[in-house]
>>> print(open('coords-v8.pdb').read())   # PDB, C-alpha atoms
ATOM      1  CA  MET A 828    -121.444  88.197 193.408
ATOM      2  CA  PRO A 829    -125.213  87.616 193.055
ATOM      3  CA  TYR A 830    -126.372  84.052 192.514
ATOM      4  CA  GLU A 831    -129.337  82.766 190.576
ATOM      5  CA  PRO A 832    -131.739  80.399 192.343
ATOM      6  CA  ASP A 833    -130.171  77.604 190.251
ATOM      7  CA  GLY A 834    -126.694  78.327 191.672
ATOM      8  CA  THR A 835    -125.232  80.257 188.743
ATOM      9  CA  ALA A 836    -123.118  83.285 189.425
ATOM     10  CA  ALA A 837    -123.837  86.584 187.706
ATOM     11  CA  THR A 838    -121.093  89.175 187.507
ATOM     12  CA  ALA A 839    -120.821  92.827 186.509
ATOM     13  CA  HIS A 840    -122.818  94.968 188.955
ATOM     14  CA  ASP A 841    -124.847  94.176 192.041
ATOM     15  CA  THR A 842    -127.877  95.260 190.013
ATOM     16  CA  SER A 843    -127.003  92.950 187.129
ATOM     17  CA  PRO A 844    -129.855  92.185 184.739
ATOM     18  CA  PHE A 845    -128.698  88.594 185.154
ATOM     19  CA  ALA A 846    -130.068  88.866 188.683
ATOM     20  CA  HIS A 847    -133.446  88.304 186.984
ATOM     21  CA  ARG A 848    -134.556  84.706 187.127
ATOM     22  CA  LEU A 849    -133.888  82.904 183.867
ATOM     23  CA  ALA A 850    -137.588  82.805 182.922
ATOM     24  CA  GLU A 851    -137.722  86.613 183.249
ATOM     25  CA  ARG A 852    -134.745  87.469 181.007
ATOM     26  CA  PHE A 853    -135.373  89.239 177.732
ATOM     27  CA  LEU A 854    -133.322  91.202 175.194
ATOM     28  CA  ASP A 855    -132.770  94.259 177.400
ATOM     29  CA  ASP A 856    -131.220  92.072 180.119
ATOM     30  CA  TYR A 857    -128.343  91.030 177.842
ATOM     31  CA  VAL A 858    -126.142  94.106 178.262
ATOM     32  CA  PRO A 859    -122.697  94.058 176.631
ATOM     33  CA  GLY A 860    -120.007  93.256 179.178
ATOM     34  CA  LEU A 861    -122.179  91.183 181.482
ATOM     35  CA  THR A 862    -120.942  87.689 182.224
ATOM     36  CA  LEU A 863    -122.383  84.566 183.743
ATOM     37  CA  GLU A 864    -120.682  81.334 184.747
ATOM     38  CA  HIS A 865    -122.586  78.069 185.087
ATOM     39  CA  GLY A 866    -121.703  74.422 185.626
ATOM     40  CA  SER A 867    -120.814  71.729 186.485
ATOM     41  CA  TYR A 868    -121.251  68.809 184.138
ATOM     42  CA  ARG A 869    -119.187  65.603 184.475
ATOM     43  CA  VAL A 870    -118.498  63.854 181.171
ATOM     44  CA  THR A 871    -118.283  60.073 181.598
ATOM     45  CA  ALA A 872    -116.451  57.544 179.433
ATOM     46  CA  ALA A 873    -119.746  55.769 178.727
ATOM     47  CA  GLU A 874    -121.308  59.035 177.543
ATOM     48  CA  ILE A 875    -118.300  59.778 175.300
ATOM     49  CA  VAL A 876    -118.552  56.326 173.693
ATOM     50  CA  ASP A 877    -122.342  56.521 173.297
ATOM     51  CA  PHE A 878    -122.219  59.956 171.637
ATOM     52  CA  GLY A 879    -119.285  58.877 169.477
ATOM     53  CA  ARG A 880    -120.999  55.702 168.294
ATOM     54  CA  ARG A 881    -124.126  57.628 167.410
ATOM     55  CA  PHE A 882    -122.648  60.756 165.828
ATOM     56  CA  ASP A 883    -118.838  60.748 165.428
ATOM     57  CA  PRO A 884    -117.520  57.177 165.250
ATOM     58  CA  HIS A 885    -113.797  57.889 165.215
ATOM     59  CA  ASP A 886    -111.710  55.420 167.261
ATOM     60  CA  MET A 887    -110.686  58.181 169.675
ATOM     61  CA  HIS A 888    -114.381  58.614 170.620
ATOM     62  CA  VAL A 889    -115.603  55.014 170.659
ATOM     63  CA  ASP A 890    -112.839  52.585 171.654
ATOM     64  CA  ALA A 891    -110.616  53.264 174.664
ATOM     65  CA  GLY A 892    -108.087  50.619 173.587
ATOM     66  CA  ARG A 893    -107.663  51.903 170.049
ATOM     67  CA  ALA A 894    -107.801  55.502 171.295
ATOM     68  CA  GLU A 895    -104.515  54.890 173.147
ATOM     69  CA  SER A 896    -102.688  54.707 169.798
ATOM     70  CA  THR A 897    -104.172  57.942 168.436
ATOM     71  CA  PRO A 898    -102.280  61.248 168.660
ATOM     72  CA  LEU A 899    -104.505  62.225 171.621
ATOM     73  CA  GLY A 900    -103.376  59.159 173.576
ATOM     74  CA  GLY A 901    -106.732  58.072 174.928
ATOM     75  CA  LEU A 902    -110.482  58.329 174.812
ATOM     76  CA  VAL A 903    -111.747  61.885 174.198
ATOM     77  CA  ALA A 904    -115.137  63.446 173.587
ATOM     78  CA  SER A 905    -116.084  64.544 170.099
ATOM     79  CA  GLY A 906    -115.977  68.309 169.684
ATOM     80  CA  TRP A 907    -119.664  68.103 168.791
ATOM     81  CA  HIS A 908    -120.346  66.323 172.083
ATOM     82  CA  THR A 909    -118.445  69.074 173.905
ATOM     83  CA  THR A 910    -120.549  71.679 172.117
ATOM     84  CA  ALA A 911    -123.738  69.804 173.038
ATOM     85  CA  VAL A 912    -122.722  69.940 176.726
ATOM     86  CA  MET A 913    -122.247  73.702 176.372
ATOM     87  CA  MET A 914    -125.717  73.971 174.852
ATOM     88  CA  ARG A 915    -127.226  72.175 177.833
ATOM     89  CA  LEU A 916    -125.506  74.588 180.221
ATOM     90  CA  MET A 917    -126.682  77.525 178.109
ATOM     91  CA  VAL A 918    -130.314  76.407 178.203
ATOM     92  CA  GLU A 919    -130.123  75.733 181.958
ATOM     93  CA  SER A 920    -128.669  79.097 182.874
ATOM     94  CA  TYR A 921    -128.350  81.737 180.176
ATOM     95  CA  LEU A 922    -131.143  81.912 177.590
ATOM     96  CA  ASN A 923    -134.792  82.148 178.542
ATOM     97  CA  GLN A 924    -136.440  79.460 176.400
ATOM     98  CA  ALA A 925    -139.591  81.566 176.025
ATOM     99  CA  ALA A 926    -137.600  84.583 174.792
ATOM    100  CA  SER A 927    -134.985  82.800 172.690
ATOM    101  CA  VAL A 928    -136.423  82.664 169.176
ATOM    102  CA  ALA A 929    -133.581  81.076 167.205
ATOM    103  CA  SER A 930    -129.865  81.094 166.525
ATOM    104  CA  PRO A 931    -128.767  82.003 163.023
ATOM    105  CA  GLY A 932    -125.278  80.687 163.719
ATOM    106  CA  VAL A 933    -121.996  80.383 165.510
ATOM    107  CA  ASP A 934    -118.650  81.979 164.690
ATOM    108  CA  GLU A 935    -115.130  81.096 165.716
ATOM    109  CA  LEU A 936    -115.923  77.621 167.082
ATOM    110  CA  ARG A 937    -112.740  76.067 168.469
ATOM    111  CA  TRP A 938    -111.839  73.019 170.569
ATOM    112  CA  PRO A 939    -108.295  73.847 171.779
ATOM    113  CA  VAL A 940    -108.033  70.986 174.316
ATOM    114  CA  PRO A 941    -109.837  67.639 174.272
ATOM    115  CA  VAL A 942    -112.410  66.636 176.864
ATOM    116  CA  ARG A 943    -111.484  63.402 178.621
ATOM    117  CA  PRO A 944    -113.513  60.987 180.735
ATOM    118  CA  ASP A 945    -114.475  62.466 184.115
ATOM    119  CA  ASP A 946    -113.694  66.047 183.110
ATOM    120  CA  VAL A 947    -116.064  68.427 184.865
ATOM    121  CA  LEU A 948    -117.139  71.269 182.610
ATOM    122  CA  ARG A 949    -118.602  74.682 183.262
ATOM    123  CA  ALA A 950    -119.519  77.485 180.893
ATOM    124  CA  ARG A 951    -118.701  81.180 180.854
ATOM    125  CA  PHE A 952    -121.059  83.396 178.880
ATOM    126  CA  ALA A 953    -120.126  87.024 178.114
ATOM    127  CA  VAL A 954    -122.449  89.355 176.218
ATOM    128  CA  VAL A 955    -120.454  90.856 173.342
ATOM    129  CA  ASP A 956    -123.240  92.800 171.674
ATOM    130  CA  SER A 957    -126.984  93.270 172.079
ATOM    131  CA  ARG A 958    -129.192  95.362 169.827
ATOM    132  CA  ARG A 959    -132.775  95.705 168.717
ATOM    133  CA  SER A 960    -133.698  94.364 165.310
ATOM    134  CA  ALA A 961    -134.298  97.058 162.695
ATOM    135  CA  SER A 962    -136.890  94.934 160.895
ATOM    136  CA  ARG A 963    -138.582  93.135 163.823
ATOM    137  CA  PRO A 964    -139.251  95.534 166.752
ATOM    138  CA  ASP A 965    -140.384  92.712 169.068
ATOM    139  CA  ARG A 966    -136.877  91.183 169.175
ATOM    140  CA  GLY A 967    -133.180  91.758 168.864
ATOM    141  CA  ILE A 968    -129.822  90.140 168.356
ATOM    142  CA  VAL A 969    -127.509  89.007 171.155
ATOM    143  CA  ARG A 970    -123.930  87.924 170.440
ATOM    144  CA  THR A 971    -122.281  85.939 173.223
ATOM    145  CA  ARG A 972    -118.676  84.823 173.669
ATOM    146  CA  ILE A 973    -118.778  81.368 175.221
ATOM    147  CA  GLU A 974    -115.980  79.438 176.872
ATOM    148  CA  LEU A 975    -116.310  75.917 178.193
ATOM    149  CA  VAL A 976    -113.647  75.132 180.787
ATOM    150  CA  ASN A 977    -112.703  71.973 182.649
ATOM    151  CA  GLN A 978    -112.012  71.400 186.345
ATOM    152  CA  HIS A 979    -108.457  72.742 185.869
ATOM    153  CA  ASP A 980    -109.829  76.000 184.414
ATOM    154  CA  VAL A 981    -108.445  74.996 181.007
ATOM    155  CA  THR A 982    -110.525  76.124 178.040
ATOM    156  CA  VAL A 983    -111.862  73.172 176.032
ATOM    157  CA  MET A 984    -114.224  75.038 173.687
ATOM    158  CA  THR A 985    -114.799  78.624 172.554
ATOM    159  CA  GLN A 986    -117.315  80.194 170.223
ATOM    160  CA  VAL A 987    -119.271  83.344 169.533
ATOM    161  CA  MET A 988    -122.988  82.574 169.254
ATOM    162  CA  THR A 989    -125.688  84.780 167.788
ATOM    163  CA  ASN A 990    -129.216  84.476 169.173
ATOM    164  CA  LEU A 991    -132.489  86.169 168.316
ATOM    165  CA  VAL A 992    -134.130  87.149 171.605
ATOM    166  CA  LEU A 993    -137.546  88.673 172.239
ATOM    167  CA  ARG A 994    -137.934  92.012 173.992
ATOM    168  CA  ARG A 995    -139.782  92.090 177.294
ATOM    169  CA  PRO A 996    -143.558  92.049 176.671
TER     170      PRO A 996
END
>>> encode(input="coords-v8.pdb", output="structure tokens")
Amino acid sequence: MPYEPDGTAATAHDTSPFAHRLAERFLDDYVPGLTLEHGSYRVTAAEIVDFGRRFDPHDMHVDAGRAESTPLGGLVASGWHTTAVMMRLMVESYLNQAASVASPGVDELRWPVPVRPDDVLRARFAVVDSRRSASRPDRGIVRTRIELVNQHDVTVMTQVMTNLVLRRP
């Protein structure tokens, strides 16, 4: 399996377009069926509480003592925090910032299992579809199935993201 200079693993073929360095990836490199896995990111209790206090102040995200009496039985990361971790991993390993124009949205966002303190997360990105734009010939649309998994290989988040990506100059 080829590895990126940043330690990510690209899968599909030995000549995978993901063998290109991240800064050299453009629309044509995102071929349906190609996958990439990247991580790891350890989520700390302090980070969970900080994010929760700032953006999602439910007891289960901000107070370990009160979180014990919630249905989840302890402190857990907000789903939005979990998604933000995925975004960091995506920017580090999957989308070339110079080629990624925008994201018009996300479909099928799910958080099937909570993220707990000291979980170590990694992301799996699989190209679902990639096509040139009919109206903007300098770019195209990439749809990616994303899974965020913990150290036990349990899926903690899934989504299908759409990105507008420039073609190679």
>>> closest_residue(input="coords-v8.pdb", among="A:Pro944, A:Gly967, A:Gly906, A:Pro859", to="Thr985 of chain A", atoms="all atoms listed in the file")
A:Gly906
>>> resolve_selection(input="coords-v8.pdb", expression="the PyMOL selection byres ((chain A and resi 911) around 12)", output="ChimeraX atom specification")
/A:868,870,874-875,878,882,904-910,912-918,948,950,975,984
>>> atom_distance(input="coords-v8.pdb", atom1="atom CA of Glu974 of chain A", atom2="atom CA of Ala929 of chain A")
20.1 Å
>>> resolve_selection(input="coords-v8.pdb", expression="the PyMOL selection byres ((chain A and resi 991) around 12)", output="count of residues only")
34
>>> closest_residue(input="coords-v8.pdb", among="A:Ala961, A:Gly901, A:Thr982, A:Leu861", to="Val940 of chain A", atoms="only C-alpha atoms")
A:Thr982
>>> axis_aligned_box(input="coords-v8.pdb", around="segment 900-903 of chain A", padding_each_side="8 Å", output="AutoDock Vina command-line options")
--center_x -107.6 --center_y 60.0 --center_z 174.3 --size_x 24.4 --size_y 19.8 --size_z 17.4
>>> closest_residue(input="coords-v8.pdb", among="A:Leu902, A:His865, A:Gln978, A:Asp945", to="His885 of chain A", atoms="all atoms listed in the file")
A:Leu902
>>> atom_distance(input="coords-v8.pdb", atom1="atom CA of Val954 of chain A", atom2="atom CA of Arg848 of chain A")
16.9 Å
>>> atom_distance(input="coords-v8.pdb", atom1="atom CA of Val947 of chain A", atom2="atom CA of Thr897 of chain A")
22.8 Å
>>> residues_around(input="coords-v8.pdb", residues="Gly892 of chain A", least_positions_apart="4", cutoff="12 Å", atoms="only C-alpha atoms", output="list of chain:residue names")
A:Val876, A:Asp886, A:Met887, A:His888, A:Ser896, A:Thr897, A:Gly900, A:Gly901, A:Leu902, A:Val903
>>> closest_residue(input="coords-v8.pdb", among="A:Ala872, A:Leu936, A:Ala891, A:Val942", to="His979 of chain A", atoms="only C-alpha atoms")
A:Val942
>>> closest_residue(input="coords-v8.pdb", among="A:Val976, A:Ala894, A:Ser920, A:Thr871", to="Arg943 of chain A", atoms="all atoms listed in the file")
A:Thr871
>>> closest_residue(input="coords-v8.pdb", among="A:Arg949, A:Pro884, A:Val983, A:Val955", to="Val858 of chain A", atoms="all atoms listed in the file")
A:Val955
>>> decode(input="coords-v8.pdb", residues="segment 829-937 of chain A", atoms="C-alpha atoms", output="PDB file, in the first residue's frame")
ATOM      1  CA  PRO A 829       1.590   3.336  -1.006  1.00  0.00           C
ATOM      2  CA  TYR A 830       2.034   5.933   1.713  1.00  0.00           C
ATOM      3  CA  GLU A 831       1.926   9.691   1.476  1.00  0.00           C
ATOM      4  CA  PRO A 832       4.863  11.659   2.892  1.00  0.00           C
ATOM      5  CA  ASP A 833       2.555  12.574   5.805  1.00  0.00           C
ATOM      6  CA  GLY A 834       2.018   8.894   6.696  1.00  0.00           C
ATOM      7  CA  THR A 835      -1.424   8.395   5.164  1.00  0.00           C
ATOM      8  CA  ALA A 836      -2.159   5.203   3.327  1.00  0.00           C
ATOM      9  CA  ALA A 837      -3.619   5.264  -0.169  1.00  0.00           C
ATOM     10  CA  THR A 838      -5.385   2.185  -1.465  1.00  0.00           C
ATOM     11  CA  ALA A 839      -6.738   0.985  -4.802  1.00  0.00           C
ATOM     12  CA  HIS A 840      -3.850   0.495  -7.245  1.00  0.00           C
ATOM     13  CA  ASP A 841      -0.106   0.901  -6.955  1.00  0.00           C
ATOM     14  CA  THR A 842      -0.490   3.800  -9.387  1.00  0.00           C
ATOM     15  CA  SER A 843      -3.193   5.443  -7.286  1.00  0.00           C
ATOM     16  CA  PRO A 844      -3.798   9.123  -8.009  1.00  0.00           C
ATOM     17  CA  PHE A 845      -3.655   9.468  -4.231  1.00  0.00           C
ATOM     18  CA  ALA A 846       0.048   8.720  -4.595  1.00  0.00           C
ATOM     19  CA  HIS A 847       0.280  12.393  -5.627  1.00  0.00           C
ATOM     20  CA  ARG A 848       1.296  14.635  -2.773  1.00  0.00           C
ATOM     21  CA  LEU A 849      -1.682  16.416  -1.263  1.00  0.00           C
ATOM     22  CA  ALA A 850      -0.685  19.789  -2.753  1.00  0.00           C
ATOM     23  CA  GLU A 851      -0.707  18.203  -6.232  1.00  0.00           C
ATOM     24  CA  ARG A 852      -4.188  16.627  -6.103  1.00  0.00           C
ATOM     25  CA  PHE A 853      -6.893  17.985  -8.358  1.00  0.00           C
ATOM     26  CA  LEU A 854     -10.287  16.826  -9.640  1.00  0.00           C
ATOM     27  CA  ASP A 855      -8.941  14.101 -11.937  1.00  0.00           C
ATOM     28  CA  ASP A 856      -7.128  12.462  -9.004  1.00  0.00           C
ATOM     29  CA  TYR A 857     -10.405  11.744  -7.192  1.00  0.00           C
ATOM     30  CA  VAL A 858     -11.415   8.592  -9.070  1.00  0.00           C
ATOM     31  CA  PRO A 859     -14.508   6.720  -7.858  1.00  0.00           C
ATOM     32  CA  GLY A 860     -13.535   3.721  -5.755  1.00  0.00           C
ATOM     33  CA  LEU A 861     -10.274   5.131  -4.450  1.00  0.00           C
ATOM     34  CA  THR A 862      -9.895   5.217  -0.691  1.00  0.00           C
ATOM     35  CA  LEU A 863      -7.570   6.861   1.765  1.00  0.00           C
ATOM     36  CA  GLU A 864      -7.215   6.354   5.502  1.00  0.00           C
ATOM     37  CA  HIS A 865      -5.673   8.983   7.761  1.00  0.00           C
ATOM     38  CA  GLY A 866      -5.282   9.504  11.496  1.00  0.00           C
ATOM     39  CA  SER A 867      -4.709   9.482  14.403  1.00  0.00           C
ATOM     40  CA  TYR A 868      -6.247  12.131  16.605  1.00  0.00           C
ATOM     41  CA  ARG A 869      -6.651  11.654  20.380  1.00  0.00           C
ATOM     42  CA  VAL A 870      -9.682  13.417  21.846  1.00  0.00           C
ATOM     43  CA  THR A 871      -9.049  14.565  25.425  1.00  0.00           C
ATOM     44  CA  ALA A 872     -11.575  15.204  28.190  1.00  0.00           C
ATOM     45  CA  ALA A 873     -10.406  18.822  28.416  1.00  0.00           C
ATOM     46  CA  GLU A 874     -10.987  19.294  24.681  1.00  0.00           C
ATOM     47  CA  ILE A 875     -14.474  17.740  24.926  1.00  0.00           C
ATOM     48  CA  VAL A 876     -15.408  20.102  27.773  1.00  0.00           C
ATOM     49  CA  ASP A 877     -13.920  23.161  26.048  1.00  0.00           C
ATOM     50  CA  PHE A 878     -15.754  22.485  22.768  1.00  0.00           C
ATOM     51  CA  GLY A 879     -18.955  21.681  24.652  1.00  0.00           C
ATOM     52  CA  ARG A 880     -18.835  24.863  26.720  1.00  0.00           C
ATOM     53  CA  ARG A 881     -18.262  26.947  23.622  1.00  0.00           C
ATOM     54  CA  PHE A 882     -20.660  25.302  21.168  1.00  0.00           C
ATOM     55  CA  ASP A 883     -22.866  22.537  22.635  1.00  0.00           C
ATOM     56  CA  PRO A 884     -23.317  23.034  26.387  1.00  0.00           C
ATOM     57  CA  HIS A 885     -25.234  19.870  27.209  1.00  0.00           C
ATOM     58  CA  ASP A 886     -24.239  18.252  30.530  1.00  0.00           C
ATOM     59  CA  MET A 887     -22.915  15.179  28.714  1.00  0.00           C
ATOM     60  CA  HIS A 888     -20.333  17.421  26.971  1.00  0.00           C
ATOM     61  CA  VAL A 889     -19.352  19.802  29.769  1.00  0.00           C
ATOM     62  CA  ASP A 890     -19.603  18.149  33.195  1.00  0.00           C
ATOM     63  CA  ALA A 891     -18.144  14.694  33.821  1.00  0.00           C
ATOM     64  CA  GLY A 892     -20.056  14.311  37.100  1.00  0.00           C
ATOM     65  CA  ARG A 893     -23.456  15.173  35.671  1.00  0.00           C
ATOM     66  CA  ALA A 894     -22.658  13.231  32.491  1.00  0.00           C
ATOM     67  CA  GLU A 895     -22.597  10.027  34.573  1.00  0.00           C
ATOM     68  CA  SER A 896     -26.376  10.298  35.058  1.00  0.00           C
ATOM     69  CA  THR A 897     -27.147  10.808  31.361  1.00  0.00           C
ATOM     70  CA  PRO A 898     -28.199   7.898  29.128  1.00  0.00           C
ATOM     71  CA  LEU A 899     -24.639   7.804  27.716  1.00  0.00           C
ATOM     72  CA  GLY A 900     -23.197   7.216  31.190  1.00  0.00           C
ATOM     73  CA  GLY A 901     -20.279   9.610  31.014  1.00  0.00           C
ATOM     74  CA  LEU A 902     -18.575  12.479  29.281  1.00  0.00           C
ATOM     75  CA  VAL A 903     -18.835  12.329  25.469  1.00  0.00           C
ATOM     76  CA  ALA A 904     -17.861  14.631  22.632  1.00  0.00           C
ATOM     77  CA  SER A 905     -20.530  16.611  20.835  1.00  0.00           C
ATOM     78  CA  GLY A 906     -21.309  15.213  17.401  1.00  0.00           C
ATOM     79  CA  TRP A 907     -20.262  18.594  16.021  1.00  0.00           C
ATOM     80  CA  HIS A 908     -16.901  18.250  17.769  1.00  0.00           C
ATOM     81  CA  THR A 909     -16.517  14.785  16.238  1.00  0.00           C
ATOM     82  CA  THR A 910     -17.294  16.236  12.817  1.00  0.00           C
ATOM     83  CA  ALA A 911     -14.755  19.026  13.372  1.00  0.00           C
ATOM     84  CA  VAL A 912     -12.067  16.400  14.096  1.00  0.00           C
ATOM     85  CA  MET A 913     -12.971  14.687  10.818  1.00  0.00           C
ATOM     86  CA  MET A 914     -12.621  18.012   9.015  1.00  0.00           C
ATOM     87  CA  ARG A 915      -9.124  18.468  10.412  1.00  0.00           C
ATOM     88  CA  LEU A 916      -8.129  15.006   9.186  1.00  0.00           C
ATOM     89  CA  MET A 917      -9.671  15.759   5.791  1.00  0.00           C
ATOM     90  CA  VAL A 918      -7.707  18.988   5.382  1.00  0.00           C
ATOM     91  CA  GLU A 919      -4.479  17.296   6.525  1.00  0.00           C
ATOM     92  CA  SER A 920      -4.721  14.369   4.150  1.00  0.00           C
ATOM     93  CA  TYR A 921      -7.474  14.363   1.546  1.00  0.00           C
ATOM     94  CA  LEU A 922      -8.370  17.713  -0.031  1.00  0.00           C
ATOM     95  CA  ASN A 923      -5.785  19.995  -1.576  1.00  0.00           C
ATOM     96  CA  GLN A 924      -6.576  23.393  -0.041  1.00  0.00           C
ATOM     97  CA  ALA A 925      -5.567  25.177  -3.252  1.00  0.00           C
ATOM     98  CA  ALA A 926      -7.903  23.010  -5.358  1.00  0.00           C
ATOM     99  CA  SER A 927     -10.829  22.709  -2.953  1.00  0.00           C
ATOM    100  CA  VAL A 928     -13.161  25.581  -3.824  1.00  0.00           C
ATOM    101  CA  ALA A 929     -16.103  24.961  -1.491  1.00  0.00           C
ATOM    102  CA  SER A 930     -18.509  22.394  -0.118  1.00  0.00           C
ATOM    103  CA  PRO A 931     -22.172  22.865  -0.935  1.00  0.00           C
ATOM    104  CA  GLY A 932     -23.143  20.346   1.729  1.00  0.00           C
ATOM    105  CA  VAL A 933     -23.164  17.051   3.523  1.00  0.00           C
ATOM    106  CA  ASP A 934     -25.664  14.202   3.296  1.00  0.00           C
ATOM    107  CA  GLU A 935     -26.407  11.325   5.618  1.00  0.00           C
ATOM    108  CA  LEU A 936     -24.497  12.681   8.631  1.00  0.00           C
ATOM    109  CA  ARG A 937     -24.698  10.161  11.474  1.00  0.00           C
TER     110      ARG A 937
END
